[in-house]
file work19.pdb (PDB, C-alpha atoms)
ATOM      1  CA  MET E  19       7.717   7.394  -2.912
ATOM      2  CA  ASN E  20      10.035   9.020  -5.391
ATOM      3  CA  ARG E  21      10.131   8.506  -9.150
ATOM      4  CA  ARG E  22       7.017   8.674 -11.282
ATOM      5  CA  THR E  23       6.482   7.562 -14.882
ATOM      6  CA  ALA E  24       3.403   8.706 -16.759
ATOM      7  CA  LEU E  25       1.568   5.991 -18.667
ATOM      8  CA  THR E  26      -0.099   6.395 -21.975
ATOM      9  CA  THR E  27      -3.799   5.798 -21.450
ATOM     10  CA  LEU E  28      -6.238   6.618 -18.667
ATOM     11  CA  LEU E  29      -9.728   5.211 -19.116
ATOM     12  CA  ALA E  30     -12.704   6.125 -16.992
ATOM     13  CA  GLY E  31     -16.019   4.490 -16.166
ATOM     14  CA  ALA E  32     -17.126   2.130 -13.433
ATOM     15  CA  SER E  33     -20.098  -0.028 -12.617
ATOM     16  CA  ALA E  34     -21.355  -1.748  -9.493
ATOM     17  CA  PRO E  35     -19.638  -5.157  -9.267
ATOM     18  CA  LEU E  36     -20.862  -8.389  -7.741
ATOM     19  CA  LEU E  37     -19.489 -10.543  -4.949
ATOM     20  CA  ALA E  38     -18.015 -13.610  -6.646
ATOM     21  CA  ALA E  39     -16.852 -15.748  -3.748
ATOM     22  CA  CYS E  40     -16.324 -15.675  -0.018
ATOM     23  CA  SER E  41     -14.384 -17.978   2.276
ATOM     24  CA  SER E  42     -13.606 -17.327   5.945
ATOM     25  CA  GLY E  43     -14.033 -13.593   5.465
ATOM     26  CA  ILE E  44     -11.559 -13.550   2.563
ATOM     27  CA  THR E  45     -13.313 -12.681  -0.655
ATOM     28  CA  SER E  46     -12.557 -12.627  -4.336
ATOM     29  CA  LEU E  47     -14.395  -9.780  -5.995
ATOM     30  CA  LYS E  48     -15.085  -9.274  -9.671
ATOM     31  CA  GLY E  49     -16.048  -5.950 -11.182
ATOM     32  CA  ASP E  50     -17.450  -7.508 -14.332
ATOM     33  CA  GLY E  51     -20.164  -9.493 -12.594
ATOM     34  CA  ALA E  52     -18.871 -12.724 -14.097
ATOM     35  CA  GLY E  53     -18.318 -15.912 -12.167
ATOM     36  CA  GLY E  54     -16.185 -18.983 -12.692
ATOM     37  CA  ASP E  55     -12.821 -19.300 -14.395
ATOM     38  CA  SER E  56     -13.466 -16.937 -17.287
ATOM     39  CA  GLY E  57      -9.981 -15.406 -17.460
ATOM     40  CA  SER E  58      -6.923 -16.616 -19.323
ATOM     41  CA  SER E  59      -3.271 -16.041 -18.509
ATOM     42  CA  SER E  60      -2.039 -17.846 -21.627
ATOM     43  CA  GLY E  61      -0.675 -14.616 -23.084
ATOM     44  CA  GLY E  62       1.217 -13.792 -19.897
ATOM     45  CA  LEU E  63       0.734 -10.976 -17.371
ATOM     46  CA  VAL E  64       2.265  -7.539 -17.035
ATOM     47  CA  ILE E  65       2.720  -6.675 -13.357
ATOM     48  CA  GLY E  66       2.972  -3.020 -12.382
ATOM     49  CA  THR E  67       4.112  -1.605  -9.062
ATOM     50  CA  ALA E  68       3.952   1.681  -7.228
ATOM     51  CA  ASN E  69       7.092   3.701  -6.595
ATOM     52  CA  PHE E  70       8.240   2.469  -3.189
ATOM     53  CA  THR E  71      10.396  -0.443  -2.082
ATOM     54  CA  GLU E  72       7.792  -2.767  -0.621
ATOM     55  CA  ASN E  73       5.453  -2.584  -3.589
ATOM     56  CA  GLN E  74       8.322  -3.370  -5.938
ATOM     57  CA  VAL E  75       9.254  -6.406  -3.842
ATOM     58  CA  LEU E  76       5.634  -7.544  -3.919
ATOM     59  CA  GLY E  77       5.581  -7.198  -7.695
ATOM     60  CA  TYR E  78       8.570  -9.518  -7.987
ATOM     61  CA  LEU E  79       7.025 -11.949  -5.490
ATOM     62  CA  TYR E  80       3.918 -12.063  -7.669
ATOM     63  CA  ALA E  81       6.069 -12.628 -10.756
ATOM     64  CA  GLY E  82       8.106 -15.388  -9.140
ATOM     65  CA  VAL E  83       5.184 -17.412  -7.854
ATOM     66  CA  LEU E  84       3.351 -17.023 -11.161
ATOM     67  CA  ASN E  85       6.404 -18.035 -13.176
ATOM     68  CA  ALA E  86       6.715 -21.147 -11.014
ATOM     69  CA  ALA E  87       3.099 -21.956 -11.889
ATOM     70  CA  GLY E  88       3.855 -21.680 -15.605
ATOM     71  CA  VAL E  89       2.559 -18.145 -16.182
ATOM     72  CA  LYS E  90       4.879 -15.807 -18.086
ATOM     73  CA  THR E  91       5.240 -12.380 -16.484
ATOM     74  CA  THR E  92       6.803  -9.001 -17.094
ATOM     75  CA  VAL E  93       7.359  -6.605 -14.203
ATOM     76  CA  ARG E  94       7.119  -2.857 -14.727
ATOM     77  CA  PRO E  95       8.330  -1.503 -11.377
ATOM     78  CA  ASN E  96       8.250   1.972  -9.928
ATOM     79  CA  LEU E  97       5.496   3.355 -12.143
ATOM     80  CA  GLY E  98       4.086   5.845  -9.661
ATOM     81  CA  SER E  99       1.348   6.335  -7.103
ATOM     82  CA  ARG E 100      -2.105   4.748  -7.012
ATOM     83  CA  GLU E 101      -3.421   7.685  -9.002
ATOM     84  CA  ILE E 102      -1.259   6.422 -11.885
ATOM     85  CA  VAL E 103      -1.156   2.638 -11.568
ATOM     86  CA  VAL E 104      -4.865   1.940 -11.032
ATOM     87  CA  PRO E 105      -5.897   3.823 -14.186
ATOM     88  CA  ALA E 106      -3.099   1.988 -16.007
ATOM     89  CA  LEU E 107      -4.648  -1.313 -14.927
ATOM     90  CA  ARG E 108      -8.085  -0.198 -16.076
ATOM     91  CA  SER E 109      -6.736   0.848 -19.462
ATOM     92  CA  GLY E 110      -4.942  -2.451 -20.067
ATOM     93  CA  ASP E 111      -1.381  -1.098 -19.896
ATOM     94  CA  ILE E 112      -0.768  -3.543 -17.034
ATOM     95  CA  ASP E 113      -2.666  -6.612 -15.805
ATOM     96  CA  LEU E 114      -1.886  -6.997 -12.102
ATOM     97  CA  LEU E 115      -1.040  -4.778  -9.122
ATOM     98  CA  PRO E 116      -0.018  -5.447  -5.518
ATOM     99  CA  GLU E 117      -2.516  -3.325  -3.571
ATOM    100  CA  TYR E 118      -3.541  -2.577   0.012
ATOM    101  CA  GLN E 119      -7.162  -3.021   1.078
ATOM    102  CA  GLY E 120      -7.906   0.162   2.985
ATOM    103  CA  SER E 121      -6.063   2.539   0.705
ATOM    104  CA  LEU E 122      -7.628   1.002  -2.385
ATOM    105  CA  LEU E 123     -11.118   1.218  -0.905
ATOM    106  CA  LEU E 124     -10.706   4.874   0.066
ATOM    107  CA  TYR E 125      -9.232   5.671  -3.337
ATOM    108  CA  LEU E 126     -12.366   4.263  -4.957
ATOM    109  CA  ASP E 127     -14.795   5.585  -2.348
ATOM    110  CA  LYS E 128     -13.698   8.493  -0.150
ATOM    111  CA  LYS E 129     -16.800   8.015   2.034
ATOM    112  CA  ALA E 130     -16.117   4.356   2.826
ATOM    113  CA  THR E 131     -16.362   3.561   6.530
ATOM    114  CA  ALA E 132     -15.248  -0.091   6.719
ATOM    115  CA  THR E 133     -11.995  -0.598   8.632
ATOM    116  CA  GLU E 134     -11.891  -4.370   9.320
ATOM    117  CA  ALA E 135     -10.258  -6.580   6.687
ATOM    118  CA  GLY E 136     -13.244  -8.788   5.838
ATOM    119  CA  ALA E 137     -15.669  -5.866   5.791
ATOM    120  CA  MET E 138     -13.403  -3.876   3.513
ATOM    121  CA  GLN E 139     -12.985  -6.769   1.111
ATOM    122  CA  ASN E 140     -16.768  -6.972   0.847
ATOM    123  CA  ALA E 141     -17.122  -3.195   0.568
ATOM    124  CA  LEU E 142     -14.878  -3.258  -2.474
ATOM    125  CA  ALA E 143     -17.656  -5.173  -4.246
ATOM    126  CA  THR E 144     -19.680  -1.984  -4.495
ATOM    127  CA  VAL E 145     -16.924   0.198  -5.938
ATOM    128  CA  LEU E 146     -14.616  -1.938  -8.081
ATOM    129  CA  PRO E 147     -14.508  -0.697 -11.676
ATOM    130  CA  ASP E 148     -15.915  -2.980 -14.331
ATOM    131  CA  GLY E 149     -13.433  -5.627 -15.431
ATOM    132  CA  LEU E 150     -11.283  -5.611 -12.291
ATOM    133  CA  GLU E 151     -11.108  -8.217  -9.560
ATOM    134  CA  VAL E 152      -9.659  -8.331  -6.061
ATOM    135  CA  LEU E 153      -8.287 -11.758  -5.156
ATOM    136  CA  PRO E 154      -8.036 -13.095  -1.575
ATOM    137  CA  TYR E 155      -5.936 -10.897   0.665
ATOM    138  CA  ALA E 156      -2.662 -11.947   2.263
ATOM    139  CA  ALA E 157      -1.898 -12.417   5.925
ATOM    140  CA  ALA E 158       0.689  -9.644   5.521
ATOM    141  CA  GLU E 159      -0.356  -6.095   6.323
ATOM    142  CA  ASP E 160       1.338  -2.719   6.059
ATOM    143  CA  ARG E 161      -0.519   0.317   7.379
ATOM    144  CA  ASP E 162       0.169   3.999   6.958
ATOM    145  CA  THR E 163       1.076   5.642  10.241
ATOM    146  CA  PHE E 164       2.170   9.073  11.400
ATOM    147  CA  ALA E 165       5.443   9.331  13.296
ATOM    148  CA  VAL E 166       7.096  12.035  15.381
ATOM    149  CA  THR E 167      10.483  12.075  17.072
ATOM    150  CA  ARG E 168      10.672  11.227  20.750
ATOM    151  CA  GLN E 169      11.677  14.834  21.424
ATOM    152  CA  THR E 170       8.563  16.184  19.681
ATOM    153  CA  ALA E 171       6.330  13.657  21.430
ATOM    154  CA  ASP E 172       7.687  14.612  24.852
ATOM    155  CA  ARG E 173       7.603  18.361  24.163
ATOM    156  CA  TYR E 174       3.944  18.434  23.168
ATOM    157  CA  GLY E 175       2.626  15.375  24.990
ATOM    158  CA  LEU E 176       1.803  13.490  21.792
ATOM    159  CA  LYS E 177       0.635   9.898  22.017
ATOM    160  CA  SER E 178      -2.156   9.790  19.443
ATOM    161  CA  LEU E 179      -3.466  11.636  16.425
ATOM    162  CA  ALA E 180      -6.090  13.192  18.711
ATOM    163  CA  ASP E 181      -3.302  14.958  20.611
ATOM    164  CA  LEU E 182      -2.271  16.876  17.498
ATOM    165  CA  ARG E 183      -5.267  19.139  17.930
ATOM    166  CA  LYS E 184      -3.609  20.607  21.024
ATOM    167  CA  VAL E 185      -0.870  22.042  18.818
ATOM    168  CA  ASN E 186      -2.950  23.197  15.846
ATOM    169  CA  GLY E 187      -1.043  25.481  13.528
ATOM    170  CA  LYS E 188       2.363  24.577  14.968
ATOM    171  CA  LEU E 189       3.456  21.360  13.255
ATOM    172  CA  THR E 190       4.491  20.487   9.697
ATOM    173  CA  LEU E 191       3.573  17.186   8.063
ATOM    174  CA  GLY E 192       5.736  15.567   5.414
ATOM    175  CA  ALA E 193       4.378  12.923   3.040
ATOM    176  CA  ALA E 194       3.910  12.089  -0.625
ATOM    177  CA  ALA E 195       2.166  14.865  -2.562
ATOM    178  CA  GLU E 196      -1.057  12.906  -2.975
ATOM    179  CA  MET E 197      -1.464  12.641   0.823
ATOM    180  CA  LYS E 198      -2.602  16.274   0.820
ATOM    181  CA  LYS E 199      -5.880  15.215  -0.790
ATOM    182  CA  ARG E 200      -6.313  11.734   0.645
ATOM    183  CA  VAL E 201      -8.599  10.695   3.496
ATOM    184  CA  VAL E 202      -5.678   8.924   5.138
ATOM    185  CA  GLY E 203      -3.750  12.169   5.059
ATOM    186  CA  VAL E 204      -4.448  15.875   5.490
ATOM    187  CA  VAL E 205      -8.166  15.542   4.687
ATOM    188  CA  GLY E 206      -8.816  12.836   7.269
ATOM    189  CA  LEU E 207      -6.668  14.437   9.952
ATOM    190  CA  LYS E 208      -8.790  17.561   9.697
ATOM    191  CA  ASP E 209     -12.205  15.906   9.306
ATOM    192  CA  ARG E 210     -11.756  13.105  11.845
ATOM    193  CA  TYR E 211      -9.464  14.737  14.394
ATOM    194  CA  GLY E 212      -9.795  18.489  13.821
ATOM    195  CA  VAL E 213      -6.077  18.828  13.114
ATOM    196  CA  GLU E 214      -4.832  22.045  11.531
ATOM    197  CA  LEU E 215      -1.259  21.882  10.252
ATOM    198  CA  LYS E 216       1.252  24.697  10.080
ATOM    199  CA  GLU E 217       2.387  23.376   6.711
ATOM    200  CA  PHE E 218       2.308  20.333   4.429
ATOM    201  CA  LYS E 219       5.520  19.428   2.628
ATOM    202  CA  ALA E 220       5.295  17.184  -0.443
ATOM    203  CA  LEU E 221       8.147  14.674  -0.046
ATOM    204  CA  ASP E 222       7.566  10.920  -0.125
ATOM    205  CA  SER E 223       5.865   8.379   2.143
ATOM    206  CA  SER E 224       8.163   6.210   4.266
ATOM    207  CA  GLY E 225      11.002   7.107   1.912
ATOM    208  CA  PRO E 226      14.407   8.779   2.216
ATOM    209  CA  LEU E 227      13.048  12.300   1.750
ATOM    210  CA  VAL E 228      10.457  12.255   4.518
ATOM    211  CA  LYS E 229      12.647  10.284   6.916
ATOM    212  CA  GLY E 230      15.588  12.562   6.297
ATOM    213  CA  ALA E 231      13.402  15.623   6.870
ATOM    214  CA  LEU E 232      12.129  14.205  10.162
ATOM    215  CA  LYS E 233      15.679  13.527  11.349
ATOM    216  CA  LYS E 234      16.810  17.052  10.441
ATOM    217  CA  GLY E 235      13.784  18.708  12.003
ATOM    218  CA  ASP E 236      12.538  20.123   8.697
ATOM    219  CA  ILE E 237       9.173  18.479   9.437
ATOM    220  CA  ASP E 238       7.515  17.477  12.703
ATOM    221  CA  ILE E 239       5.298  14.609  11.517
ATOM    222  CA  ALA E 240       6.187  11.992   8.920
ATOM    223  CA  ASN E 241       3.962   9.555   7.058
ATOM    224  CA  VAL E 242       5.669   6.158   7.402
ATOM    225  CA  PHE E 243       4.651   2.536   6.979
ATOM    226  CA  THR E 244       4.375   0.027   9.807
ATOM    227  CA  THR E 245       6.852  -2.294   8.071
ATOM    228  CA  ASP E 246       9.543   0.409   7.951
ATOM    229  CA  VAL E 247      12.561  -0.692  10.021
ATOM    230  CA  ASP E 248      13.764   2.917  10.487
ATOM    231  CA  THR E 249      10.979   3.628  12.985
ATOM    232  CA  ALA E 250      12.420   1.388  15.694
ATOM    233  CA  GLU E 251      16.022   2.208  14.818
ATOM    234  CA  ASN E 252      15.407   5.928  15.302
ATOM    235  CA  GLY E 253      13.125   5.614  18.317
ATOM    236  CA  TRP E 254      10.291   7.438  16.568
ATOM    237  CA  VAL E 255       6.852   7.479  18.150
ATOM    238  CA  LEU E 256       3.963   6.147  16.057
ATOM    239  CA  LEU E 257       0.843   8.094  16.974
ATOM    240  CA  ALA E 258      -2.132   5.936  17.931
ATOM    241  CA  ASP E 259      -5.336   6.166  15.907
ATOM    242  CA  PRO E 260      -8.254   5.973  18.393
ATOM    243  CA  LYS E 261     -10.861   7.020  15.803
ATOM    244  CA  ASN E 262      -9.750   4.432  13.241
ATOM    245  CA  LEU E 263      -8.848   6.881  10.510
ATOM    246  CA  ILE E 264      -6.372   4.365   9.091
ATOM    247  CA  PRO E 265      -8.065   1.132   7.947
ATOM    248  CA  ALA E 266      -6.619  -2.366   7.786
ATOM    249  CA  GLN E 267      -4.089  -2.634   4.980
ATOM    250  CA  HIS E 268      -3.666  -6.284   4.062
ATOM    251  CA  VAL E 269      -1.801  -6.844   0.827
ATOM    252  CA  VAL E 270      -4.261  -7.800  -1.910
ATOM    253  CA  PRO E 271      -3.832  -8.568  -5.628
ATOM    254  CA  LEU E 272      -5.810  -6.268  -7.917
ATOM    255  CA  ILE E 273      -6.092  -7.901 -11.320
ATOM    256  CA  ALA E 274      -7.788  -7.540 -14.680
ATOM    257  CA  ALA E 275     -10.541 -10.183 -14.573
ATOM    258  CA  ARG E 276      -9.687 -11.285 -18.108
ATOM    259  CA  LYS E 277      -6.378 -12.636 -16.769
ATOM    260  CA  ALA E 278      -7.621 -14.227 -13.555
ATOM    261  CA  ASP E 279      -7.751 -17.918 -14.431
ATOM    262  CA  SER E 280      -7.425 -20.759 -11.914
ATOM    263  CA  LYS E 281      -3.668 -21.017 -12.400
ATOM    264  CA  VAL E 282      -3.210 -17.363 -11.426
ATOM    265  CA  ARG E 283      -5.683 -17.559  -8.539
ATOM    266  CA  LYS E 284      -4.047 -20.612  -6.986
ATOM    267  CA  ALA E 285      -0.514 -19.258  -7.300
ATOM    268  CA  LEU E 286      -1.331 -15.907  -5.711
ATOM    269  CA  ALA E 287      -3.362 -17.627  -2.972
ATOM    270  CA  ARG E 288      -0.346 -19.767  -2.063
ATOM    271  CA  LEU E 289       1.774 -16.642  -1.807
ATOM    272  CA  GLY E 290      -0.845 -14.786   0.244
ATOM    273  CA  ASN E 291      -1.136 -17.624   2.743
ATOM    274  CA  ALA E 292       2.638 -17.744   3.246
ATOM    275  CA  LEU E 293       3.495 -14.027   3.330
ATOM    276  CA  THR E 294       3.419 -12.385   6.764
ATOM    277  CA  THR E 295       3.958  -8.862   8.070
ATOM    278  CA  PRO E 296       7.360  -9.776   9.597
ATOM    279  CA  ASP E 297       8.329 -11.169   6.190
ATOM    280  CA  LEU E 298       7.496  -7.845   4.541
ATOM    281  CA  THR E 299       9.473  -5.955   7.156
ATOM    282  CA  GLU E 300      12.534  -8.127   6.609
ATOM    283  CA  LEU E 301      12.281  -7.917   2.820
ATOM    284  CA  ASN E 302      12.121  -4.132   3.078
ATOM    285  CA  ARG E 303      15.185  -4.152   5.329
ATOM    286  CA  LEU E 304      17.199  -6.210   2.860
ATOM    287  CA  VAL E 305      16.475  -3.757   0.072
ATOM    288  CA  ASP E 306      16.627  -0.460   1.974
ATOM    289  CA  LYS E 307      19.403  -1.261   4.447
ATOM    290  CA  GLU E 308      21.416  -4.034   2.823
ATOM    291  CA  LYS E 309      20.995  -2.445  -0.614
ATOM    292  CA  GLN E 310      19.985  -5.728  -2.241
ATOM    293  CA  ASP E 311      17.984  -5.756  -5.462
ATOM    294  CA  PRO E 312      14.225  -6.254  -4.921
ATOM    295  CA  ASP E 313      13.986  -8.946  -7.615
ATOM    296  CA  ARG E 314      16.758 -11.011  -6.005
ATOM    297  CA  VAL E 315      15.344 -10.546  -2.508
ATOM    298  CA  ALA E 316      11.948 -11.757  -3.725
ATOM    299  CA  ALA E 317      13.463 -14.734  -5.571
ATOM    300  CA  ALA E 318      15.438 -15.839  -2.511
ATOM    301  CA  TRP E 319      12.378 -15.624  -0.254
ATOM    302  CA  LEU E 320      10.277 -17.681  -2.694
ATOM    303  CA  LYS E 321      12.997 -20.298  -3.088
ATOM    304  CA  LYS E 322      13.388 -20.691   0.679
ATOM    305  CA  ARG E 323       9.666 -21.335   0.997
ATOM    306  CA  LYS E 324       9.534 -23.564  -2.095
ATOM    307  CA  LEU E 325       7.140 -21.197  -3.859
ATOM    308  CA  GLY E 326       9.353 -20.203  -6.752
TER     309      GLY E 326
END
call {"tool": "encode", "arguments": {"input": "work19.pdb", "output": "structure tokens"}}
result
Amino acid sequence: MNRRTALTTLLAGASAPLLAACSSGITSLKGDGAGGDSGSSSGGLVIGTANFTENQVLGYLYAGVLNAAGVKTTVRPNLGSREIVVPALRSGDIDLLPEYQGSLLLYLDKKATATEAGAMQNALATVLPDGLEVLPYAAAEDRDTFAVTRQTADRYGLKSLADLRKVNGKLTLGAAAEMKKRVVGVVGLKDRYGVELKEFKALDSSGPLVKGALKKGDIDIANVFTTDVDTAENGWVLLADPKNLIPAQHVVPLIAARKADSKVRKALARLGNALTTPDLTELNRLVDKEKQDPDRVAAAWLKKRKLG
């Protein structure tokens, strides 16, 4: 994650939402307690994205499938981290976000314990802010992971996050700044695994800064995503998570309920059913390695699958 743009309004306040629908463990959750098709997309949707490649691609995928369904969209990419984009959604600056189940749940409730996709979708019903809705999650998933070089793994005998405790005070973690205070980050590593770091360096997550630092040896552990093609190319070791610190991370649309009409729901459901984890990995590769534009990569993928 790199660039960050501050938005104008941050509104607070949340209430306990209700479960609106459930099908095969995939739920649609509304934070306003309303049921039925009460939203309207007639005025169009503004789609915001976080500041990393995959989320930008997802934003353009959302836009493309919605445009094909007759919904006008505007994409505001690269706005910043969850700490910026979720409040922007609540304030009405944007209407729709590509999100990830586990990270969203822990952002809203740091004490959440659900780790399985269906359970997390249901758990969101108790913490979603008023006026927001989570639509059915996609087949595609992208988890946070922690990677070390093969040399570091062999030197210290590292296979899992639990092994890091053996080298407390010796290793430096690199990640986005917000990972210092997140459960899936420094907080969780200490609480769940008893890990004490030598240092935390605020860089980015699965981006050029953290990956470059890992290659140079400026850090020992890097926060990367499971859909990042650099992991295999560099032979990095992804540390196992035996205590399930990192929850399932299926891609899920987070939307303002006022915009979630049947046209929007059906379009995003079609996309979610078609999008897979290998698809995400390949789309990331095209942007990061082939230097293609995320909007064009998304458009080509949708056209090939007759979704846009």
call {"tool": "atom_distance", "arguments": {"input": "work19.pdb", "atom1": "CA of Ile112 in chain E", "atom2": "CA of Glu308 in chain E"}}
result
29.8 Å
call {"tool": "residues_around", "arguments": {"input": "work19.pdb", "residues": "Ala285 in chain E", "least_positions_apart": "5", "cutoff": "7 Å", "atoms": "all atoms listed in the file", "output": "mmCIF file with C-alpha atoms, keeping the file's coordinate frame"}}
result
data_model
loop_
_atom_site.group_PDB
_atom_site.id
_atom_site.type_symbol
_atom_site.label_atom_id
_atom_site.label_comp_id
_atom_site.auth_asym_id
_atom_site.auth_seq_id
_atom_site.Cartn_x
_atom_site.Cartn_y
_atom_site.Cartn_z
ATOM 1 C CA VAL E 83 5.184 -17.412 -7.854
ATOM 2 C CA LEU E 84 3.351 -17.023 -11.161
ATOM 3 C CA ALA E 87 3.099 -21.956 -11.889
#
call {"tool": "atom_distance", "arguments": {"input": "work19.pdb", "atom1": "CA of Leu153 in chain E", "atom2": "CA of Tyr80 in chain E"}}
result
12.5 Å
call {"tool": "closest_atom_pairs", "arguments": {"input": "work19.pdb", "of": "range 94-187 of chain E", "to": "range 252-263 of chain E", "cutoff": "6 Å", "atoms": "all atoms listed in the file", "output": "tab-separated table"}}
result
residue	atom	partner	partner_atom	distance
E:Phe164	CA	E:Leu256	CA	5.8
E:Ala165	CA	E:Leu256	CA	4.5
E:Val166	CA	E:Val255	CA	5.3
E:Thr167	CA	E:Trp254	CA	4.7
E:Arg168	CA	E:Trp254	CA	5.7
E:Lys177	CA	E:Leu257	CA	5.4
E:Ser178	CA	E:Ala258	CA	4.1
E:Leu179	CA	E:Leu257	CA	5.6
call {"tool": "axis_aligned_box", "arguments": {"input": "work19.pdb", "around": "range 201-210 of chain E", "padding_each_side": "5 Å", "output": "JSON"}}
result
{"center_x": -8.0, "center_y": 13.2, "center_z": 7.7, "size_x": 18.5, "size_y": 18.6, "size_z": 18.3}
